[in-house]
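These notes concern the structure reproduced below.
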Amino acid sequence: MAKVVVALGGNALGKSPEEQLKLVKNTASSLIGLIAAGNQVVISHGNGPQVGAINLGMNFAAENGKTAAFPFPECGAMSQGYIGYHLQQSLENELHRRWMNKSVATIVTQIAVDPNDPAFENPSKPVGDFYTKEQADEIAKEKGYTFKEDAGRGYRQVVPSPLPMKIMELDSIKTLIDADKLVIAGGGGGVPVIISDKGLKGVPAVIDKDRSSALLADNIDADKLIILTAVDHVYINYGKPDEKALKTLNVAEAQQYMKEDQFAAGSMLPKIEACLSFVEGHPEREALITSLDGLDDALAGKVGTVIRDN
Ligand SMILES: Nc1ncnc2c1ncn2[C@@H]1O[C@H](COP(=O)(O)OP(=O)(O)O)[C@@H](O)[C@H]1O
Ligand SMILES: NC(=O)OP(=O)(O)O
């Protein structure tokens with residue numbers, strides 16, 4: 001039985017609860033299919049658009065005296081609950097439809113980061129919606145947020161994205177996996193916390209969920225890491241007339257393409273780096289990048305980019 005970590009992209013989950021539920025329902029069928037085919041599956045997910053939307057809404061309510069202020073890590077925890085709820089519901093419905101008996105559990109996951117991580121000085125993780133340059137400049141002036149251009153798709157607020165160091169709930173996650181439960185963990189990259197002599201403390205940042213998923217996959221000694229996003233393949237010359245879909249990628253090829261800046265920072269680059277960290281030195285492991293609705297085709301070898309050590 002192969003142990004597979006499947007990471008769902010925040011941007012690939014849509015912009016509204018209705019859209020998300022629809023997308024998650026479709027993916028649930030493929031995920032349960034993966035389990036029915038004899039794999040042990042662990043699910044993680046992103047939260048960039050969702051945590052940005054929650055934070056914007058909470059800030060708006062607080063600024064208008066309607067609620068207390070909700071700090072950013074609390075918004076991250078809310079995004080884990082919101083997305084975990086849709087995933088649990090859709091997965092349970094699909095299990096029920098197939099007469100399969102399995103419990104599903106979302107683990108609110110904290111992930112420790114280094115308080116001295118240089119990422120705190122250089123916000124890079126896009127959250128929330130996309131804006132034009134003019135809109136972004138106006139919000140930046142009014143609120144003091146930092147905005148950056150995101151992979152040719154518009155401007156987005158960016159927050160620090162420190163590296164994940166330690167999954168605090170790893171023991172609970174492993175216990176549930178060993179008990180053959182379907183676990184959703186590390187949502188939104190995990191709520192970033194620092195470990196101090198006073199205990200754990202949330203910090204305002206968003207950990208890249210691809211990096212956290214690779215850490216989780218390594219910690220549970222998974223055989224496969226599958227990253228589901230909005231594109232069916234990793235491309236070279238992405239978005240240009242001569243773009244080319246990659247069916248396979250090894251470590252040396254990926255490093256060469258990274259030197260050529262083929263993968264956009266803040267979107268495809270962290271996915272590639274996460275896959276490399278998972279497969280490098282482990283010829284028995286495999287990573288796969290494809291689209292949220294392409295999982296069935298990817299497992300049949302029709303689409304997707306497979307990444308191996310060599
Ligand atoms: N070389 C590339 N190949 C494919 N997609 C790329 C590439 N470079 C940048 N991208 C962009 O990266 C996006 C995936 O990153 P992102 O939106 O951050 O993912 P998610 O939120 O699903 O984790 C794709 O939808 C695409 O727009
Ligand atoms: N936390 C995170 O990496 O989210 P996205 O997948 O939305 O970028």
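Just so we're on the same page: first chain in the structure tokens is A, next is B, and so on; residues restart at 1 for each chain, and ligands are numbered from 1 in the order they show up.
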
Each chain A residue no farther than 7 Å from ligand 1, nearest pair in Å, only C-alpha atoms and all ligand atoms, as a Markdown table:
| residue | atom | partner | partner_atom_place_in_ligand_line | distance |
| --- | --- | --- | --- | --- |
| A:Leu8 | CA | ligand 1 | 22 (O) | 6.6 |
| A:Gly9 | CA | ligand 1 | 22 (O) | 3.2 |
| A:Gly10 | CA | ligand 1 | 21 (O) | 4.1 |
| A:Asn11 | CA | ligand 1 | 21 (O) | 3.5 |
| A:Ala12 | CA | ligand 1 | 22 (O) | 4.6 |
| A:Gly46 | CA | ligand 1 | 23 (O) | 6.0 |
| A:Gly48 | CA | ligand 1 | 21 (O) | 6.6 |
| A:Ala151 | CA | ligand 1 | 9 (C) | 5.5 |
| A:Leu228 | CA | ligand 1 | 22 (O) | 6.5 |
| A:Thr229 | CA | ligand 1 | 22 (O) | 3.6 |
| A:Ala230 | CA | ligand 1 | 25 (O) | 4.4 |
| A:Val231 | CA | ligand 1 | 25 (O) | 5.0 |
| A:His233 | CA | ligand 1 | 4 (C) | 6.1 |
| A:Val234 | CA | ligand 1 | 3 (N) | 3.9 |
| A:Tyr235 | CA | ligand 1 | 3 (N) | 3.8 |
| A:Ile236 | CA | ligand 1 | 1 (N) | 5.1 |
| A:Asn237 | CA | ligand 1 | 1 (N) | 6.5 |
| A:Tyr238 | CA | ligand 1 | 1 (N) | 4.8 |
| A:Gln262 | CA | ligand 1 | 1 (N) | 5.2 |
| A:Phe263 | CA | ligand 1 | 1 (N) | 4.2 |
| A:Ala264 | CA | ligand 1 | 8 (N) | 4.4 |
| A:Gly266 | CA | ligand 1 | 18 (O) | 6.0 |
| A:Ser267 | CA | ligand 1 | 18 (O) | 3.5 |
| A:Met268 | CA | ligand 1 | 12 (O) | 4.4 |

- If we count only C-alpha atoms, what is near Leu163 in chain A at a cut-off of 12 Å, once residues fewer than 5 positions away on the same chain are taken out, given as a count of residues only? 32

- With only C-alpha atoms and all ligand atoms as the basis for distance, which of A:Leu87, A:Ile35, A:Val41, A:Leu269 is at the shortest distance from ligand 2? A:Leu269

- Nearest to ligand 2 among A:Glu74, A:Asp261, A:Asp296, A:Asp129, with distances taken over only C-alpha atoms and all ligand atoms: which residue is it?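 Closest residue, counting only C-alpha atoms and all ligand atoms: A:Asp129.
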
- With only C-alpha atoms and all ligand atoms as the basis for distance, which of A:Ile107, A:Ile83, A:Leu34, A:Met1 is at the shortest distance from ligand 2?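 Answer, going by the shortest atom-to-atom distance: A:Ile83.
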
Which of range 60-289 of chain A DSSP labels strand (DSSP E or B), written as an mmCIF file with C-alpha atoms, in the first residue's frame:
data_model
loop_
_atom_site.group_PDB
_atom_site.id
_atom_site.type_symbol
_atom_site.label_atom_id
_atom_site.label_comp_id
_atom_site.auth_asym_id
_atom_site.auth_seq_id
_atom_site.Cartn_x
_atom_site.Cartn_y
_atom_site.Cartn_z
ATOM 1 C CA VAL A 104 -12.229 11.627 8.217
ATOM 2 C CA ALA A 105 -10.557 14.124 10.558
ATOM 3 C CA THR A 106 -9.087 17.598 10.106
ATOM 4 C CA GLN A 110 0.604 24.435 14.049
ATOM 5 C CA ILE A 111 4.021 24.450 12.407
ATOM 6 C CA ALA A 112 7.030 25.946 14.156
ATOM 7 C CA LYS A 125 3.600 34.970 -0.013
ATOM 8 C CA PRO A 126 0.592 36.191 -2.042
ATOM 9 C CA VAL A 127 -2.710 36.168 -0.142
ATOM 10 C CA GLY A 128 -6.227 37.344 -0.985
ATOM 11 C CA ASP A 129 -7.578 38.506 -4.304
ATOM 12 C CA PHE A 130 -5.866 39.942 -7.377
ATOM 13 C CA TYR A 131 -5.793 43.735 -7.949
ATOM 14 C CA THR A 146 2.843 45.253 0.709
ATOM 15 C CA PHE A 147 1.755 44.178 -2.809
ATOM 16 C CA LYS A 148 3.636 42.231 -5.477
ATOM 17 C CA GLU A 149 2.850 41.091 -8.987
ATOM 18 C CA TYR A 155 -1.130 42.350 -7.889
ATOM 19 C CA ARG A 156 -1.704 40.655 -4.520
ATOM 20 C CA GLN A 157 -0.954 41.454 -0.927
ATOM 21 C CA VAL A 158 2.147 39.589 0.242
ATOM 22 C CA VAL A 159 3.011 38.442 3.774
ATOM 23 C CA LYS A 166 8.510 21.284 12.958
ATOM 24 C CA ILE A 167 4.950 19.974 12.761
ATOM 25 C CA LEU A 182 -8.340 9.812 6.400
ATOM 26 C CA VAL A 183 -6.416 12.813 7.754
ATOM 27 C CA ILE A 184 -6.463 16.435 6.599
ATOM 28 C CA VAL A 191 -0.518 28.014 11.436
ATOM 29 C CA PRO A 192 3.001 29.432 11.881
ATOM 30 C CA VAL A 193 4.145 29.484 15.516
ATOM 31 C CA ILE A 194 7.394 30.194 17.291
ATOM 32 C CA ILE A 195 8.636 28.092 20.181
ATOM 33 C CA SER A 196 9.691 30.256 23.128
ATOM 34 C CA GLY A 199 5.436 28.146 24.986
ATOM 35 C CA LEU A 200 4.023 28.326 21.444
ATOM 36 C CA LYS A 201 2.957 31.666 19.967
ATOM 37 C CA GLY A 202 1.316 32.367 16.604
ATOM 38 C CA LYS A 224 4.410 9.957 -3.123
ATOM 39 C CA LEU A 225 3.691 13.699 -2.923
ATOM 40 C CA ILE A 226 0.964 14.939 -5.251
ATOM 41 C CA ILE A 227 0.524 18.699 -5.680
ATOM 42 C CA LEU A 228 -2.805 19.674 -7.263
ATOM 43 C CA THR A 229 -2.983 23.220 -8.607
ATOM 44 C CA VAL A 234 4.727 22.248 -15.141
ATOM 45 C CA TYR A 235 5.761 24.173 -18.240
ATOM 46 C CA ILE A 236 8.933 25.706 -19.538
ATOM 47 C CA LYS A 244 6.208 23.277 -23.419
ATOM 48 C CA ALA A 245 4.559 20.921 -20.930
ATOM 49 C CA LEU A 246 6.999 18.737 -19.005
ATOM 50 C CA THR A 248 8.952 14.249 -16.359
ATOM 51 C CA LEU A 249 11.541 16.248 -14.490
ATOM 52 C CA ASN A 250 14.595 15.074 -12.568
ATOM 53 C CA GLU A 286 7.973 10.291 -6.577
ATOM 54 C CA ALA A 287 6.300 13.704 -6.760
ATOM 55 C CA LEU A 288 3.566 14.738 -9.181
ATOM 56 C CA ILE A 289 2.260 18.186 -10.121
#

- Mind checking DSSP for range 134-167 of chain A and telling me the helix (DSSP H, G or I) residues as a list in words?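 Here is the list: Glu134, Gln135, Ala136, Asp137, Glu138, Ile139, Ala140, Lys141, Glu142 and Lys143 of chain A.
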
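Contact shell of Val51 in chain A at 7 Å (only C-alpha atoms; same-chain neighbours under 2 positions omitted): Asn47, Gly48, Pro49, Ala53, Ile54, Asn55, Cys75, Gly76, Ser79, Val127 and Gly128 of chain A.
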
Suppose we keep all heavy atoms; can you now write the selection as an mmCIF file, in the first residue's frame?
data_model
loop_
_atom_site.group_PDB
_atom_site.id
_atom_site.type_symbol
_atom_site.label_atom_id
_atom_site.label_comp_id
_atom_site.auth_asym_id
_atom_site.auth_seq_id
_atom_site.Cartn_x
_atom_site.Cartn_y
_atom_site.Cartn_z
ATOM 1 N N ASN A 47 -4.141 28.075 1.368
ATOM 2 C CA ASN A 47 -5.146 28.987 1.927
ATOM 3 C C ASN A 47 -4.910 30.436 1.519
ATOM 4 O O ASN A 47 -5.498 31.335 2.132
ATOM 5 C CB ASN A 47 -5.161 28.901 3.456
ATOM 6 C CG ASN A 47 -3.909 29.533 4.084
ATOM 7 O OD1 ASN A 47 -2.921 29.759 3.386
ATOM 8 N ND2 ASN A 47 -3.967 29.820 5.352
ATOM 9 N N GLY A 48 -4.029 30.665 0.528
ATOM 10 C CA GLY A 48 -3.687 32.054 0.180
ATOM 11 C C GLY A 48 -4.908 32.932 -0.053
ATOM 12 O O GLY A 48 -5.119 33.932 0.649
ATOM 13 N N PRO A 49 -5.787 32.586 -1.012
ATOM 14 C CA PRO A 49 -6.967 33.427 -1.256
ATOM 15 C C PRO A 49 -7.891 33.465 -0.035
ATOM 16 O O PRO A 49 -8.449 34.514 0.300
ATOM 17 C CB PRO A 49 -7.667 32.728 -2.431
ATOM 18 C CG PRO A 49 -6.622 31.876 -3.053
ATOM 19 C CD PRO A 49 -5.677 31.478 -1.968
ATOM 20 N N ALA A 53 -9.000 36.641 2.323
ATOM 21 C CA ALA A 53 -10.401 37.080 2.378
ATOM 22 C C ALA A 53 -10.883 37.155 3.829
ATOM 23 O O ALA A 53 -11.553 38.117 4.234
ATOM 24 C CB ALA A 53 -11.280 36.116 1.582
ATOM 25 N N ILE A 54 -10.534 36.145 4.632
ATOM 26 C CA ILE A 54 -10.964 36.132 6.046
ATOM 27 C C ILE A 54 -10.362 37.335 6.767
ATOM 28 O O ILE A 54 -11.042 38.068 7.488
ATOM 29 C CB ILE A 54 -10.549 34.796 6.737
ATOM 30 C CG1 ILE A 54 -11.334 33.627 6.138
ATOM 31 C CG2 ILE A 54 -10.757 34.868 8.248
ATOM 32 C CD1 ILE A 54 -10.830 32.242 6.527
ATOM 33 N N ASN A 55 -9.067 37.572 6.532
ATOM 34 C CA ASN A 55 -8.380 38.677 7.196
ATOM 35 C C ASN A 55 -8.978 40.038 6.810
ATOM 36 O O ASN A 55 -9.193 40.909 7.665
ATOM 37 C CB ASN A 55 -6.887 38.609 6.831
ATOM 38 C CG ASN A 55 -6.055 39.613 7.605
ATOM 39 O OD1 ASN A 55 -5.342 40.425 7.020
ATOM 40 N ND2 ASN A 55 -6.146 39.578 8.905
ATOM 41 N N CYS A 75 -6.737 34.072 11.859
ATOM 42 C CA CYS A 75 -7.372 33.968 10.525
ATOM 43 C C CYS A 75 -6.865 32.710 9.816
ATOM 44 O O CYS A 75 -7.624 32.025 9.119
ATOM 45 C CB CYS A 75 -7.063 35.220 9.696
ATOM 46 S SG CYS A 75 -7.818 36.706 10.387
ATOM 47 N N GLY A 76 -5.579 32.387 9.994
ATOM 48 C CA GLY A 76 -5.018 31.159 9.402
ATOM 49 C C GLY A 76 -5.727 29.931 9.956
ATOM 50 O O GLY A 76 -6.077 29.005 9.217
ATOM 51 N N SER A 79 -9.073 29.582 8.443
ATOM 52 C CA SER A 79 -9.024 29.055 7.065
ATOM 53 C C SER A 79 -8.863 27.530 7.094
ATOM 54 O O SER A 79 -9.411 26.826 6.249
ATOM 55 C CB SER A 79 -7.913 29.725 6.249
ATOM 56 O OG SER A 79 -6.642 29.248 6.629
ATOM 57 N N VAL A 127 -1.442 36.557 -0.776
ATOM 58 C CA VAL A 127 -2.710 36.168 -0.142
ATOM 59 C C VAL A 127 -3.834 37.037 -0.715
ATOM 60 O O VAL A 127 -3.590 38.122 -1.241
ATOM 61 C CB VAL A 127 -2.675 36.311 1.406
ATOM 62 C CG1 VAL A 127 -1.642 35.398 2.029
ATOM 63 C CG2 VAL A 127 -2.443 37.751 1.839
ATOM 64 N N GLY A 128 -5.063 36.559 -0.570
ATOM 65 C CA GLY A 128 -6.227 37.344 -0.985
ATOM 66 C C GLY A 128 -6.384 37.409 -2.492
ATOM 67 O O GLY A 128 -5.809 36.610 -3.244
#
